file entry_18.pdb (PDB, C-alpha atoms)
ATOM      1  CA  MET A   1     -48.560-109.109-162.913  1.00  0.00           C
ATOM      2  CA  SER A   2     -46.200-106.640-164.533  1.00  0.00           C
ATOM      3  CA  LYS A   3     -42.829-105.607-163.146  1.00  0.00           C
ATOM      4  CA  MET A   4     -44.217-102.131-162.454  1.00  0.00           C
ATOM      5  CA  GLN A   5     -46.977-103.629-160.269  1.00  0.00           C
ATOM      6  CA  ARG A   6     -44.490-105.835-158.400  1.00  0.00           C
ATOM      7  CA  ASP A   7     -42.232-102.826-157.811  1.00  0.00           C
ATOM      8  CA  LYS A   8     -45.203-100.773-156.567  1.00  0.00           C
ATOM      9  CA  GLY A   9     -46.084-103.522-154.062  1.00  0.00           C
ATOM     10  CA  ALA A  10     -42.487-103.984-152.903  1.00  0.00           C
ATOM     11  CA  GLN A  11     -42.094-100.226-152.389  1.00  0.00           C
ATOM     12  CA  PHE A  12     -45.304-100.155-150.351  1.00  0.00           C
ATOM     13  CA  GLU A  13     -43.979-102.990-148.159  1.00  0.00           C
ATOM     14  CA  ARG A  14     -40.776-100.985-147.578  1.00  0.00           C
ATOM     15  CA  ASP A  15     -42.840 -97.873-146.784  1.00  0.00           C
ATOM     16  CA  VAL A  16     -44.985 -99.785-144.263  1.00  0.00           C
ATOM     17  CA  ARG A  17     -41.913-101.284-142.624  1.00  0.00           C
ATOM     18  CA  ASN A  18     -40.269 -97.843-142.392  1.00  0.00           C
ATOM     19  CA  ALA A  19     -43.440 -96.320-140.912  1.00  0.00           C
ATOM     20  CA  PHE A  20     -43.449 -98.951-138.156  1.00  0.00           C
ATOM     21  CA  VAL A  21     -39.737 -98.404-137.452  1.00  0.00           C
ATOM     22  CA  LYS A  22     -40.293 -94.643-137.149  1.00  0.00           C
ATOM     23  CA  ALA A  23     -43.305 -95.254-134.882  1.00  0.00           C
ATOM     24  CA  GLY A  24     -41.200 -97.163-132.350  1.00  0.00           C
ATOM     25  CA  PHE A  25     -40.990-100.710-133.678  1.00  0.00           C
ATOM     26  CA  PRO A  26     -37.232-100.926-134.437  1.00  0.00           C
ATOM     27  CA  GLU A  27     -37.482-104.703-134.918  1.00  0.00           C
ATOM     28  CA  ALA A  28     -40.025-104.367-137.753  1.00  0.00           C
ATOM     29  CA  GLU A  29     -38.840-106.213-140.831  1.00  0.00           C
ATOM     30  CA  ARG A  30     -40.048-107.289-144.236  1.00  0.00           C
ATOM     31  CA  ASN A  31     -40.609-110.981-144.764  1.00  0.00           C
ATOM     32  CA  LEU A  32     -38.683-111.593-147.969  1.00  0.00           C
ATOM     33  CA  ASN A  33     -39.630-115.294-147.904  1.00  0.00           C
ATOM     34  CA  ASP A  34     -43.357-114.579-148.264  1.00  0.00           C
ATOM     35  CA  LYS A  35     -43.538-116.264-151.661  1.00  0.00           C
ATOM     36  CA  THR A  36     -42.158-119.526-150.248  1.00  0.00           C
ATOM     37  CA  ASP A  37     -43.336-119.711-146.645  1.00  0.00           C
ATOM     38  CA  GLY A  38     -47.049-119.340-147.433  1.00  0.00           C
ATOM     39  CA  ARG A  39     -47.930-117.358-144.285  1.00  0.00           C
ATOM     40  CA  GLY A  40     -49.124-114.286-146.173  1.00  0.00           C
ATOM     41  CA  VAL A  41     -47.032-112.010-143.984  1.00  0.00           C
ATOM     42  CA  ASP A  42     -45.232-109.132-145.710  1.00  0.00           C
ATOM     43  CA  VAL A  43     -44.090-107.217-142.616  1.00  0.00           C
ATOM     44  CA  GLU A  44     -43.606-108.376-139.027  1.00  0.00           C
ATOM     45  CA  ALA A  45     -43.783-105.655-136.377  1.00  0.00           C
ATOM     46  CA  GLY A  46     -44.070-106.496-132.708  1.00  0.00           C
ATOM     47  CA  THR A  47     -47.219-108.545-132.197  1.00  0.00           C
ATOM     48  CA  LEU A  48     -48.536-107.800-135.713  1.00  0.00           C
ATOM     49  CA  ALA A  49     -48.279-110.003-138.791  1.00  0.00           C
ATOM     50  CA  ILE A  50     -49.028-107.586-141.624  1.00  0.00           C
ATOM     51  CA  GLN A  51     -50.268-108.240-145.158  1.00  0.00           C
ATOM     52  CA  CYS A  52     -49.621-105.210-147.402  1.00  0.00           C
ATOM     53  CA  LYS A  53     -51.828-104.427-150.405  1.00  0.00           C
ATOM     54  CA  ARG A  54     -51.336-101.479-152.762  1.00  0.00           C
ATOM     55  CA  TYR A  55     -53.825-101.144-155.616  1.00  0.00           C
ATOM     56  CA  LYS A  56     -55.405 -98.504-157.823  1.00  0.00           C
ATOM     57  CA  LYS A  57     -58.522 -98.640-155.608  1.00  0.00           C
ATOM     58  CA  MET A  58     -58.611 -99.371-151.890  1.00  0.00           C
ATOM     59  CA  PRO A  59     -58.140-103.138-151.396  1.00  0.00           C
ATOM     60  CA  SER A  60     -60.833-105.295-149.822  1.00  0.00           C
ATOM     61  CA  THR A  61     -60.514-105.968-146.110  1.00  0.00           C
ATOM     62  CA  SER A  62     -60.984-109.669-146.853  1.00  0.00           C
ATOM     63  CA  PHE A  63     -57.246-109.878-147.652  1.00  0.00           C
ATOM     64  CA  ILE A  64     -56.660-110.111-143.890  1.00  0.00           C
ATOM     65  CA  LYS A  65     -57.682-113.769-144.219  1.00  0.00           C
ATOM     66  CA  GLU A  66     -54.439-114.434-146.136  1.00  0.00           C
ATOM     67  CA  VAL A  67     -52.375-113.971-142.956  1.00  0.00           C
ATOM     68  CA  LYS A  68     -51.516-117.383-141.501  1.00  0.00           C
ATOM     69  CA  ASP A  69     -49.329-116.588-138.489  1.00  0.00           C
ATOM     70  CA  GLY A  70     -50.480-118.209-135.276  1.00  0.00           C
ATOM     71  CA  THR A  71     -48.154-116.248-132.995  1.00  0.00           C
ATOM     72  CA  ARG A  72     -49.053-112.683-133.992  1.00  0.00           C
ATOM     73  CA  PHE A  73     -52.210-110.655-134.563  1.00  0.00           C
ATOM     74  CA  PRO A  74     -53.130-110.578-138.279  1.00  0.00           C
ATOM     75  CA  ALA A  75     -53.372-107.124-139.839  1.00  0.00           C
ATOM     76  CA  LEU A  76     -53.911-105.680-143.291  1.00  0.00           C
ATOM     77  CA  VAL A  77     -52.354-102.399-144.379  1.00  0.00           C
ATOM     78  CA  GLY A  78     -53.898-101.227-147.635  1.00  0.00           C
ATOM     79  CA  ARG A  79     -53.722 -98.188-149.816  1.00  0.00           C
ATOM     80  CA  GLY A  80     -55.333 -97.060-153.037  1.00  0.00           C
ATOM     81  CA  ASP A  81     -53.897 -94.492-155.433  1.00  0.00           C
ATOM     82  CA  ASN A  82     -54.325 -90.960-154.032  1.00  0.00           C
ATOM     83  CA  GLU A  83     -55.626 -92.419-150.745  1.00  0.00           C
ATOM     84  CA  LYS A  84     -54.222 -92.643-147.248  1.00  0.00           C
ATOM     85  CA  ALA A  85     -53.086 -96.015-145.982  1.00  0.00           C
ATOM     86  CA  THR A  86     -55.453 -97.836-143.625  1.00  0.00           C
ATOM     87  CA  ILE A  87     -54.950-100.696-141.202  1.00  0.00           C
ATOM     88  CA  THR A  88     -57.505-103.434-140.625  1.00  0.00           C
ATOM     89  CA  LEU A  89     -57.560-105.592-137.494  1.00  0.00           C
ATOM     90  CA  TYR A  90     -60.105-108.011-136.124  1.00  0.00           C
ATOM     91  CA  LEU A  91     -62.092-106.324-133.339  1.00  0.00           C
ATOM     92  CA  LYS A  92     -61.076-108.884-130.701  1.00  0.00           C
ATOM     93  CA  ASP A  93     -57.404-108.391-131.589  1.00  0.00           C
ATOM     94  CA  PHE A  94     -57.654-104.597-131.462  1.00  0.00           C
ATOM     95  CA  LEU A  95     -59.330-104.773-128.044  1.00  0.00           C
ATOM     96  CA  ALA A  96     -56.673-107.188-126.758  1.00  0.00           C
ATOM     97  CA  ILE A  97     -53.897-104.856-127.945  1.00  0.00           C
ATOM     98  CA  ALA A  98     -55.656-101.838-126.408  1.00  0.00           C
ATOM     99  CA  GLN A  99     -55.891-103.680-123.094  1.00  0.00           C
ATOM    100  CA  ASP A 100     -52.212-104.675-123.236  1.00  0.00           C
ATOM    101  CA  VAL A 101     -51.123-101.057-123.611  1.00  0.00           C
ATOM    102  CA  GLY A 102     -53.433 -99.881-120.814  1.00  0.00           C
ATOM    103  CA  LEU A 103     -56.210 -98.236-122.820  1.00  0.00           C
ATOM    104  CA  LEU A 104     -58.903-100.676-121.662  1.00  0.00           C
ATOM    105  CA  TYR A 105     -59.821-102.165-118.314  1.00  0.00           C
ATOM    106  CA  ASN A 106     -62.134-105.083-117.582  1.00  0.00           C
ATOM    107  CA  TYR A 107     -61.721-106.434-121.110  1.00  0.00           C
ATOM    108  CA  ASP A 108     -64.242-109.097-122.091  1.00  0.00           C
ATOM    109  CA  PRO A 109     -63.755-110.391-125.669  1.00  0.00           C
ATOM    110  CA  PRO A 110     -66.763-109.939-127.962  1.00  0.00           C
ATOM    111  CA  PRO A 111     -68.729-113.066-128.888  1.00  0.00           C
ATOM    112  CA  PHE A 112     -68.116-112.550-132.610  1.00  0.00           C
TER     113      PHE A 112
END

call {"tool": "encode", "arguments": {"input": "entry_18.pdb", "output": "structure tokens"}}
result
Amino acid sequence: MSKMQRDKGAQFERDVRNAFVKAGFPEAERNLNDKTDGRGVDVEAGTLAIQCKRYKKMPSTSFIKEVKDGTRFPALVGRGDNEKATITLYLKDFLAIAQDVGLLYNYDPPPF
């Protein structure tokens, strides 16, 4: 991996962190120990453990499997060149978050 690619990824992590701070997560922070702690978490924001991926093309959603944080919901924020950033969550986690913030009532987790 070239220095330019590493810089592109680090800048994307900073951008994601800043987006979460502006959205009302002032405690959001980059995990600068990601290379050594092995959790696959680039940004921690509230109940989310976020893996950030910035590639030429939109990254695969399978990168969410790299997140190994048992206390937070795993999430993937990805972006391809000239594309908008997307966030990927497991359905059961999204529904649990939606219930916690009052968007859902009578929540029953899906069987899958």

call {"tool": "residues_around", "arguments": {"input": "entry_18.pdb", "residues": "Ala45 in chain A", "least_positions_apart": "2", "cutoff": "7 Å", "atoms": "all atoms listed in the file", "output": "number ranges by chain"}}
result
A: 20, 25, 27-29, 43, 47-49

call {"tool": "resolve_selection", "arguments": {"input": "entry_18.pdb", "expression": "the PyMOL selection byres ((chain A and resi 15) around 12)", "output": "MDAnalysis selection string"}}
result
chainID A and resid 8:14 16:22 28:30 42:43 52:54 77:79 85

call {"tool": "closest_residue", "arguments": {"input": "entry_18.pdb", "among": "A:Asn31, A:Thr61, A:Ala75, A:Lys3", "to": "Asp93 in chain A", "atoms": "only C-alpha atoms"}}
result
A:Ala75

call {"tool": "closest_residue", "arguments": {"input": "entry_18.pdb", "among": "A:Val41, A:Lys84, A:Lys57, A:Gly46", "to": "Asp69 in chain A", "atoms": "all atoms listed in the file"}}
result
A:Val41

call {"tool": "closest_residue", "arguments": {"input": "entry_18.pdb", "among": "A:Gly38, A:Pro26, A:Gly70, A:Pro110", "to": "Lys92 in chain A", "atoms": "all atoms listed in the file"}}
result
A:Pro110

call {"tool": "resolve_selection", "arguments": {"input": "entry_18.pdb", "expression": "the PyMOL selection byres ((chain A and resi 96) around 12)", "output": "PyMOL selection string"}}
result
chain A and resi 47+72-73+89-95+97-110

call {"tool": "atom_distance", "arguments": {"input": "entry_18.pdb", "atom1": "CA of Gly24 in chain A", "atom2": "CA of Ser60 in chain A"}}
result
27.5 Å

call {"tool": "resolve_selection", "arguments": {"input": "entry_18.pdb", "expression": "the PyMOL selection byres ((chain A and resi 67) around 8)", "output": "list in words"}}
result
Arg39, Gly40, Val41, Ala49, Ile50, Gln51, Phe63, Ile64, Lys65, Glu66, Lys68, Asp69, Pro74 and Ala75 of chain A

call {"tool": "atom_distance", "arguments": {"input": "entry_18.pdb", "atom1": "CA of Asp7 in chain A", "atom2": "CA of Tyr55 in chain A"}}
result
11.9 Å

call {"tool": "atom_distance", "arguments": {"input": "entry_18.pdb", "atom1": "CA of Arg6 in chain A", "atom2": "CA of Met58 in chain A"}}
result
16.8 Å

call {"tool": "axis_aligned_box", "arguments": {"input": "entry_18.pdb", "around": "range 86-95 of chain A", "padding_each_side": "3 Å", "output": "lines of an AutoDock Vina configuration file"}}
result
center_x = -58.5
center_y = -103.4
center_z = -135.8
size_x = 13.1
size_y = 17.0
size_z = 21.6

call {"tool": "decode", "arguments": {"input": "entry_18.pdb", "residues": "range 47-85 of chain A", "atoms": "C-alpha atoms", "output": "PDB file, in the first residue's frame"}}
result
ATOM      1  CA  THR A  47     -22.866   2.728  20.380  1.00  0.00           C
ATOM      2  CA  LEU A  48     -21.169   2.263  16.980  1.00  0.00           C
ATOM      3  CA  ALA A  49     -17.819   0.629  16.274  1.00  0.00           C
ATOM      4  CA  ILE A  50     -17.018   1.828  12.761  1.00  0.00           C
ATOM      5  CA  GLN A  51     -14.709   0.359  10.122  1.00  0.00           C
ATOM      6  CA  CYS A  52     -13.884   2.963   7.443  1.00  0.00           C
ATOM      7  CA  LYS A  53     -13.048   1.967   3.864  1.00  0.00           C
ATOM      8  CA  ARG A  54     -12.184   4.403   1.069  1.00  0.00           C
ATOM      9  CA  TYR A  55     -11.428   2.892  -2.336  1.00  0.00           C
ATOM     10  CA  LYS A  56     -11.617   3.745  -6.020  1.00  0.00           C
ATOM     11  CA  LYS A  57     -14.845   1.702  -6.239  1.00  0.00           C
ATOM     12  CA  MET A  58     -17.423   1.264  -3.495  1.00  0.00           C
ATOM     13  CA  PRO A  59     -16.051  -1.244  -0.949  1.00  0.00           C
ATOM     14  CA  SER A  60     -17.766  -4.562  -0.294  1.00  0.00           C
ATOM     15  CA  THR A  61     -20.153  -4.688   2.642  1.00  0.00           C
ATOM     16  CA  SER A  62     -18.352  -7.821   3.830  1.00  0.00           C
ATOM     17  CA  PHE A  63     -15.743  -5.565   5.492  1.00  0.00           C
ATOM     18  CA  ILE A  64     -18.206  -5.182   8.379  1.00  0.00           C
ATOM     19  CA  LYS A  65     -17.019  -8.625   9.506  1.00  0.00           C
ATOM     20  CA  GLU A  66     -13.632  -7.090  10.407  1.00  0.00           C
ATOM     21  CA  VAL A  67     -15.173  -5.241  13.373  1.00  0.00           C
ATOM     22  CA  LYS A  68     -14.474  -7.182  16.571  1.00  0.00           C
ATOM     23  CA  ASP A  69     -15.957  -5.010  19.323  1.00  0.00           C
ATOM     24  CA  GLY A  70     -18.339  -6.838  21.616  1.00  0.00           C
ATOM     25  CA  THR A  71     -19.661  -3.728  23.361  1.00  0.00           C
ATOM     26  CA  ARG A  72     -20.791  -1.676  20.357  1.00  0.00           C
ATOM     27  CA  PHE A  73     -22.788  -2.243  17.180  1.00  0.00           C
ATOM     28  CA  PRO A  74     -20.469  -2.960  14.219  1.00  0.00           C
ATOM     29  CA  ALA A  75     -20.788  -0.587  11.271  1.00  0.00           C
ATOM     30  CA  LEU A  76     -19.020  -0.013   7.980  1.00  0.00           C
ATOM     31  CA  VAL A  77     -18.705   3.431   6.425  1.00  0.00           C
ATOM     32  CA  GLY A  78     -17.493   3.151   2.845  1.00  0.00           C
ATOM     33  CA  ARG A  79     -16.961   5.457  -0.057  1.00  0.00           C
ATOM     34  CA  GLY A  80     -15.792   5.102  -3.628  1.00  0.00           C
ATOM     35  CA  ASP A  81     -14.261   7.868  -5.727  1.00  0.00           C
ATOM     36  CA  ASN A  82     -16.957  10.315  -6.897  1.00  0.00           C
ATOM     37  CA  GLU A  83     -19.538   8.515  -4.724  1.00  0.00           C
ATOM     38  CA  LYS A  84     -21.384   9.428  -1.560  1.00  0.00           C
ATOM     39  CA  ALA A  85     -20.415   7.690   1.650  1.00  0.00           C
TER      40      ALA A  85
END
